[in-house]
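With mmCIF, C-alpha atoms inside, this is target-v1.cif:
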```cif
data_data
loop_
_atom_site.group_PDB
_atom_site.id
_atom_site.type_symbol
_atom_site.label_atom_id
_atom_site.label_comp_id
_atom_site.auth_asym_id
_atom_site.auth_seq_id
_atom_site.Cartn_x
_atom_site.Cartn_y
_atom_site.Cartn_z
ATOM 1 C CA MET A 1 -20.957 13.662 15.764
ATOM 2 C CA LYS A 2 -21.236 17.254 16.925
ATOM 3 C CA THR A 3 -19.525 18.317 20.091
ATOM 4 C CA ILE A 4 -21.277 20.343 22.760
ATOM 5 C CA ARG A 5 -19.360 23.392 21.573
ATOM 6 C CA ASP A 6 -20.544 22.914 17.993
ATOM 7 C CA PHE A 7 -24.109 22.418 19.173
ATOM 8 C CA GLU A 8 -24.049 25.569 21.339
ATOM 9 C CA HIS A 9 -22.349 27.640 18.664
ATOM 10 C CA ALA A 10 -24.892 26.612 16.027
ATOM 11 C CA GLY A 11 -27.736 27.542 18.367
ATOM 12 C CA TRP A 12 -26.333 31.002 19.134
ATOM 13 C CA GLU A 13 -25.529 31.644 15.494
ATOM 14 C CA GLN A 14 -29.159 30.870 14.691
ATOM 15 C CA ALA A 15 -30.382 33.183 17.471
ATOM 16 C CA ALA A 16 -28.002 36.055 16.638
ATOM 17 C CA PRO A 17 -30.043 37.717 13.862
ATOM 18 C CA THR A 18 -33.044 38.244 16.154
ATOM 19 C CA TYR A 19 -31.137 38.752 19.415
ATOM 20 C CA GLU A 20 -31.280 42.556 19.316
ATOM 21 C CA GLY A 21 -35.063 42.598 19.052
ATOM 22 C CA SER A 22 -35.572 40.010 21.761
ATOM 23 C CA PHE A 23 -33.187 39.377 24.648
ATOM 24 C CA ALA A 24 -31.005 42.463 24.147
ATOM 25 C CA SER A 25 -34.011 44.770 24.346
ATOM 26 C CA VAL A 26 -35.047 43.192 27.650
ATOM 27 C CA SER A 27 -31.532 43.174 29.106
ATOM 28 C CA ARG A 28 -31.293 46.958 28.605
ATOM 29 C CA LEU A 29 -33.669 47.301 31.552
ATOM 30 C CA PHE A 30 -30.992 45.933 33.888
ATOM 31 C CA VAL A 31 -27.792 47.436 32.478
ATOM 32 C CA ASP A 32 -27.421 50.271 34.990
ATOM 33 C CA ALA A 33 -28.099 47.935 37.923
ATOM 34 C CA ILE A 34 -25.504 45.453 36.622
ATOM 35 C CA LEU A 35 -22.878 48.153 36.152
ATOM 36 C CA ASP A 36 -23.641 49.729 39.530
ATOM 37 C CA ALA A 37 -23.343 46.359 41.283
ATOM 38 C CA ALA A 38 -19.996 45.753 39.595
ATOM 39 C CA GLY A 39 -18.738 49.222 40.488
ATOM 40 C CA VAL A 40 -18.133 50.154 36.859
ATOM 41 C CA ALA A 41 -16.932 53.729 36.544
ATOM 42 C CA LYS A 42 -14.372 55.849 34.717
ATOM 43 C CA GLY A 43 -10.974 54.203 34.636
ATOM 44 C CA ARG A 44 -12.200 50.694 35.521
ATOM 45 C CA ARG A 45 -11.341 47.782 33.242
ATOM 46 C CA VAL A 46 -14.283 45.641 32.097
ATOM 47 C CA LEU A 47 -14.348 42.295 30.297
ATOM 48 C CA ASP A 48 -17.860 41.456 29.095
ATOM 49 C CA VAL A 49 -17.895 37.748 28.258
ATOM 50 C CA GLY A 50 -20.944 36.664 26.290
ATOM 51 C CA SER A 51 -21.546 40.261 25.304
ATOM 52 C CA GLY A 52 -24.219 39.614 22.695
ATOM 53 C CA THR A 53 -24.786 42.823 20.771
ATOM 54 C CA GLY A 54 -22.666 44.817 23.221
ATOM 55 C CA VAL A 55 -25.406 46.491 25.245
ATOM 56 C CA VAL A 56 -23.549 46.240 28.559
ATOM 57 C CA THR A 57 -20.130 46.841 26.996
ATOM 58 C CA SER A 58 -21.364 50.061 25.363
ATOM 59 C CA ALA A 59 -22.939 51.303 28.570
ATOM 60 C CA ALA A 60 -19.743 50.603 30.510
ATOM 61 C CA ALA A 61 -17.714 52.491 27.908
ATOM 62 C CA ALA A 62 -20.154 55.408 28.190
ATOM 63 C CA ARG A 63 -19.281 55.540 31.889
ATOM 64 C CA GLY A 64 -15.616 55.905 30.933
ATOM 65 C CA ALA A 65 -14.536 52.318 31.576
ATOM 66 C CA ASP A 66 -11.909 50.591 29.424
ATOM 67 C CA CYS A 67 -13.970 47.755 27.901
ATOM 68 C CA VAL A 68 -13.597 44.589 25.893
ATOM 69 C CA GLY A 69 -16.646 42.589 24.856
ATOM 70 C CA ILE A 70 -16.435 39.074 23.428
ATOM 71 C CA ASP A 71 -19.136 36.693 22.307
ATOM 72 C CA PHE A 72 -19.451 33.153 21.042
ATOM 73 C CA SER A 73 -21.308 34.284 17.914
ATOM 74 C CA GLY A 74 -20.165 36.650 15.192
#
```
Output the file's structure as structure tokens, nothing else.
Amino acid sequence: MKTIRDFEHAGWEQAAPTYEGSFASVSRLFVDAILDAAGVAKGRRVLDVGSGTGVVTSAAAARGADCVGIDFSG
């Protein structure tokens, strides 16, 4: 019997190959607003949990933040 973790992981692994062309492309519209709301700027430390393809992590790094992005899927 699969656990919830196994079920979720399998689902995200299946979605990962098309993620960039779907959800990641839409989430780019909100990146600046997210980073502004979180006060992300040069010298800030950022942990992006559930980072997907790294759209937000990359944008935070471009602002000079010290970033780590982690995701459930490879």
Under the PyMOL selection byres ((chain A and resi 35) around 12), which residues of this model are included? Write them out as a VMD selection string. chain A and resid 28 to 34 36 to 42 44 to 48 55 to 65
For the atom pair atom CA of A:Arg5 and atom CA of A:Glu20, what is the interatomic distance in Å to one decimal place?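 One can read the atom CA of A:Arg5 to atom CA of A:Glu20 distance as 22.7 Å.
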Using only C-alpha atoms for the distances, tell me which of A:Lys2, A:Gly43, A:Gly52, A:Phe7 is nearest to A:Tyr19.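 With only C-alpha atoms as the atom set, the closest residue is A:Gly52.
When atom CA of A:Ala16 is paired with atom CA of A:Ile4, their separation reads 18.2 Å.
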Pairwise distance for atom CA of A:Thr53 and atom CA of A:Gln14, rounded to one decimal in Å: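 Computing it gives 14.1 Å between the two atoms.
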Write out as JSON, numbers by chain the residues lying within 8 Å of A:Trp12, counting only C-alpha atoms and excluding same-chain residues fewer than 3 positions away. {"A": [8, 9, 15, 16, 72, 73]}
Is it possible to dump stretch 29-56 of chain A as a PDB file, in the first residue's frame, including just N, CA and C atoms?
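After the write, out-v5.pdb holds the following:
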```
ATOM      1  N   LEU A  29       4.318  35.457 -13.551  1.00  0.00           N
ATOM      2  CA  LEU A  29       3.566  36.710 -13.497  1.00  0.00           C
ATOM      3  C   LEU A  29       3.533  37.321 -12.102  1.00  0.00           C
ATOM      4  N   PHE A  30       3.732  36.485 -11.080  1.00  0.00           N
ATOM      5  CA  PHE A  30       3.586  36.929  -9.697  1.00  0.00           C
ATOM      6  C   PHE A  30       4.894  36.972  -8.913  1.00  0.00           C
ATOM      7  N   VAL A  31       6.003  36.651  -9.558  1.00  0.00           N
ATOM      8  CA  VAL A  31       7.276  36.545  -8.847  1.00  0.00           C
ATOM      9  C   VAL A  31       7.664  37.855  -8.165  1.00  0.00           C
ATOM     10  N   ASP A  32       7.636  38.956  -8.889  1.00  0.00           N
ATOM     11  CA  ASP A  32       8.044  40.229  -8.280  1.00  0.00           C
ATOM     12  C   ASP A  32       7.152  40.604  -7.102  1.00  0.00           C
ATOM     13  N   ALA A  33       5.854  40.375  -7.227  1.00  0.00           N
ATOM     14  CA  ALA A  33       4.936  40.680  -6.123  1.00  0.00           C
ATOM     15  C   ALA A  33       5.233  39.807  -4.905  1.00  0.00           C
ATOM     16  N   ILE A  34       5.533  38.536  -5.140  1.00  0.00           N
ATOM     17  CA  ILE A  34       5.873  37.626  -4.030  1.00  0.00           C
ATOM     18  C   ILE A  34       7.146  38.095  -3.334  1.00  0.00           C
ATOM     19  N   LEU A  35       8.170  38.397  -4.116  1.00  0.00           N
ATOM     20  CA  LEU A  35       9.439  38.826  -3.530  1.00  0.00           C
ATOM     21  C   LEU A  35       9.312  40.177  -2.834  1.00  0.00           C
ATOM     22  N   ASP A  36       8.552  41.084  -3.411  1.00  0.00           N
ATOM     23  CA  ASP A  36       8.320  42.380  -2.757  1.00  0.00           C
ATOM     24  C   ASP A  36       7.612  42.194  -1.428  1.00  0.00           C
ATOM     25  N   ALA A  37       6.575  41.364  -1.404  1.00  0.00           N
ATOM     26  CA  ALA A  37       5.812  41.137  -0.172  1.00  0.00           C
ATOM     27  C   ALA A  37       6.671  40.509   0.912  1.00  0.00           C
ATOM     28  N   ALA A  38       7.630  39.690   0.502  1.00  0.00           N
ATOM     29  CA  ALA A  38       8.516  39.039   1.473  1.00  0.00           C
ATOM     30  C   ALA A  38       9.727  39.898   1.825  1.00  0.00           C
ATOM     31  N   GLY A  39       9.858  41.038   1.194  1.00  0.00           N
ATOM     32  CA  GLY A  39      10.977  41.930   1.480  1.00  0.00           C
ATOM     33  C   GLY A  39      12.313  41.381   1.010  1.00  0.00           C
ATOM     34  N   VAL A  40      12.307  40.627  -0.064  1.00  0.00           N
ATOM     35  CA  VAL A  40      13.539  40.013  -0.563  1.00  0.00           C
ATOM     36  C   VAL A  40      14.388  41.060  -1.259  1.00  0.00           C
ATOM     37  N   ALA A  41      15.616  41.190  -0.790  1.00  0.00           N
ATOM     38  CA  ALA A  41      16.558  42.159  -1.337  1.00  0.00           C
ATOM     39  C   ALA A  41      17.973  41.638  -1.114  1.00  0.00           C
ATOM     40  N   LYS A  42      18.942  42.398  -1.581  1.00  0.00           N
ATOM     41  CA  LYS A  42      20.347  42.027  -1.433  1.00  0.00           C
ATOM     42  C   LYS A  42      20.673  41.758   0.033  1.00  0.00           C
ATOM     43  N   GLY A  43      21.353  40.638   0.250  1.00  0.00           N
ATOM     44  CA  GLY A  43      21.776  40.283   1.597  1.00  0.00           C
ATOM     45  C   GLY A  43      20.766  39.472   2.398  1.00  0.00           C
ATOM     46  N   ARG A  44      19.531  39.374   1.940  1.00  0.00           N
ATOM     47  CA  ARG A  44      18.525  38.578   2.656  1.00  0.00           C
ATOM     48  C   ARG A  44      18.752  37.108   2.379  1.00  0.00           C
ATOM     49  N   ARG A  45      18.375  36.253   3.312  1.00  0.00           N
ATOM     50  CA  ARG A  45      18.455  34.810   3.126  1.00  0.00           C
ATOM     51  C   ARG A  45      17.063  34.298   2.774  1.00  0.00           C
ATOM     52  N   VAL A  46      16.988  33.441   1.738  1.00  0.00           N
ATOM     53  CA  VAL A  46      15.709  32.950   1.242  1.00  0.00           C
ATOM     54  C   VAL A  46      15.751  31.427   1.139  1.00  0.00           C
ATOM     55  N   LEU A  47      14.736  30.777   1.686  1.00  0.00           N
ATOM     56  CA  LEU A  47      14.541  29.343   1.510  1.00  0.00           C
ATOM     57  C   LEU A  47      13.239  29.170   0.736  1.00  0.00           C
ATOM     58  N   ASP A  48      13.340  28.675  -0.478  1.00  0.00           N
ATOM     59  CA  ASP A  48      12.176  28.456  -1.337  1.00  0.00           C
ATOM     60  C   ASP A  48      11.835  26.967  -1.281  1.00  0.00           C
ATOM     61  N   VAL A  49      10.821  26.638  -0.513  1.00  0.00           N
ATOM     62  CA  VAL A  49      10.395  25.248  -0.347  1.00  0.00           C
ATOM     63  C   VAL A  49       9.294  24.954  -1.362  1.00  0.00           C
ATOM     64  N   GLY A  50       9.473  23.881  -2.115  1.00  0.00           N
ATOM     65  CA  GLY A  50       8.547  23.592  -3.208  1.00  0.00           C
ATOM     66  C   GLY A  50       8.876  24.477  -4.389  1.00  0.00           C
ATOM     67  N   SER A  51      10.152  24.580  -4.692  1.00  0.00           N
ATOM     68  CA  SER A  51      10.636  25.568  -5.658  1.00  0.00           C
ATOM     69  C   SER A  51      10.358  25.246  -7.120  1.00  0.00           C
ATOM     70  N   GLY A  52       9.871  24.063  -7.401  1.00  0.00           N
ATOM     71  CA  GLY A  52       9.584  23.726  -8.799  1.00  0.00           C
ATOM     72  C   GLY A  52      10.827  23.850  -9.652  1.00  0.00           C
ATOM     73  N   THR A  53      10.742  24.603 -10.712  1.00  0.00           N
ATOM     74  CA  THR A  53      11.890  24.779 -11.609  1.00  0.00           C
ATOM     75  C   THR A  53      12.814  25.905 -11.166  1.00  0.00           C
ATOM     76  N   GLY A  54      12.520  26.531 -10.044  1.00  0.00           N
ATOM     77  CA  GLY A  54      13.406  27.555  -9.496  1.00  0.00           C
ATOM     78  C   GLY A  54      13.129  28.966  -9.957  1.00  0.00           C
ATOM     79  N   VAL A  55      11.938  29.219 -10.436  1.00  0.00           N
ATOM     80  CA  VAL A  55      11.584  30.551 -10.948  1.00  0.00           C
ATOM     81  C   VAL A  55      11.746  31.615  -9.857  1.00  0.00           C
ATOM     82  N   VAL A  56      11.177  31.379  -8.704  1.00  0.00           N
ATOM     83  CA  VAL A  56      11.248  32.361  -7.616  1.00  0.00           C
ATOM     84  C   VAL A  56      12.656  32.410  -7.024  1.00  0.00           C
TER      85      VAL A  56
END
```
